[in-house]
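Engineer: Take a look at this one; I'll ask things after.
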Amino acid sequence: YRITNSSVNTTVDTHLLMIVRGLPALVRMNNSNGITTTGNPYLRGFLPNGVLMPGQTIVRTFRFTQAPNGTPVRGYTLDFLSGQGNP
């Protein structure tokens, strides 16, 4: 994914937490950095120079394992949080 800070004047500081919500039951995220308190996998993006300025873009890859029954990996949403700690 190509992720852009589309804000006009807000900086994303320290880390960008990218949370994957709504994966089909048997689909797993292979490269997650952890699981949220609500059971969703997430990636922690360490930002260049510690910030993502308005208009700046980063690229991150999400890797999934398809369910044994062939359920496609779709229908999920991404949520983004700025900061440290575990979401």
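Residue numbering restarts at 1 in every chain; chains get A, B, ... in the order shown in the structure tokens, and ligands count up from 1 in that same order.
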Using DSSP on the backbone, list every residue of region 10-82 of chain A that comes out as strand (DSSP E or B), and give them as a ChimeraX atom specification.
Structural biologist: /A:12-21,28-29,34-35,41-52,57-59,64-65,77-82
Engineer: Pick out the residues sitting within 10 Å of region 17-33 of chain A, and hand them over as a ChimeraX atom specification; count only C-alpha atoms, and ignore anything fewer than 6 positions along from it in its own chain.
Structural biologist: /A:3,39-46,60-87
Engineer: Skip Leu52 (chain A) itself and residues of its chain fewer than 3 positions away, then list as a list in words all residues within 12 Å of it, counting only C-alpha atoms.
Structural biologist: Ile3, Thr4, Asn5, Ser6, Ser7, Val8, Asn9, Thr10, Thr11, Val12, Asp13, Thr14, His15, Leu16, Gly45, Phe46, Leu47, Pro48, Asn49, Gly55, Gln56, Thr57, Ile58, Val59, Ser82 and Gly83 of chain A
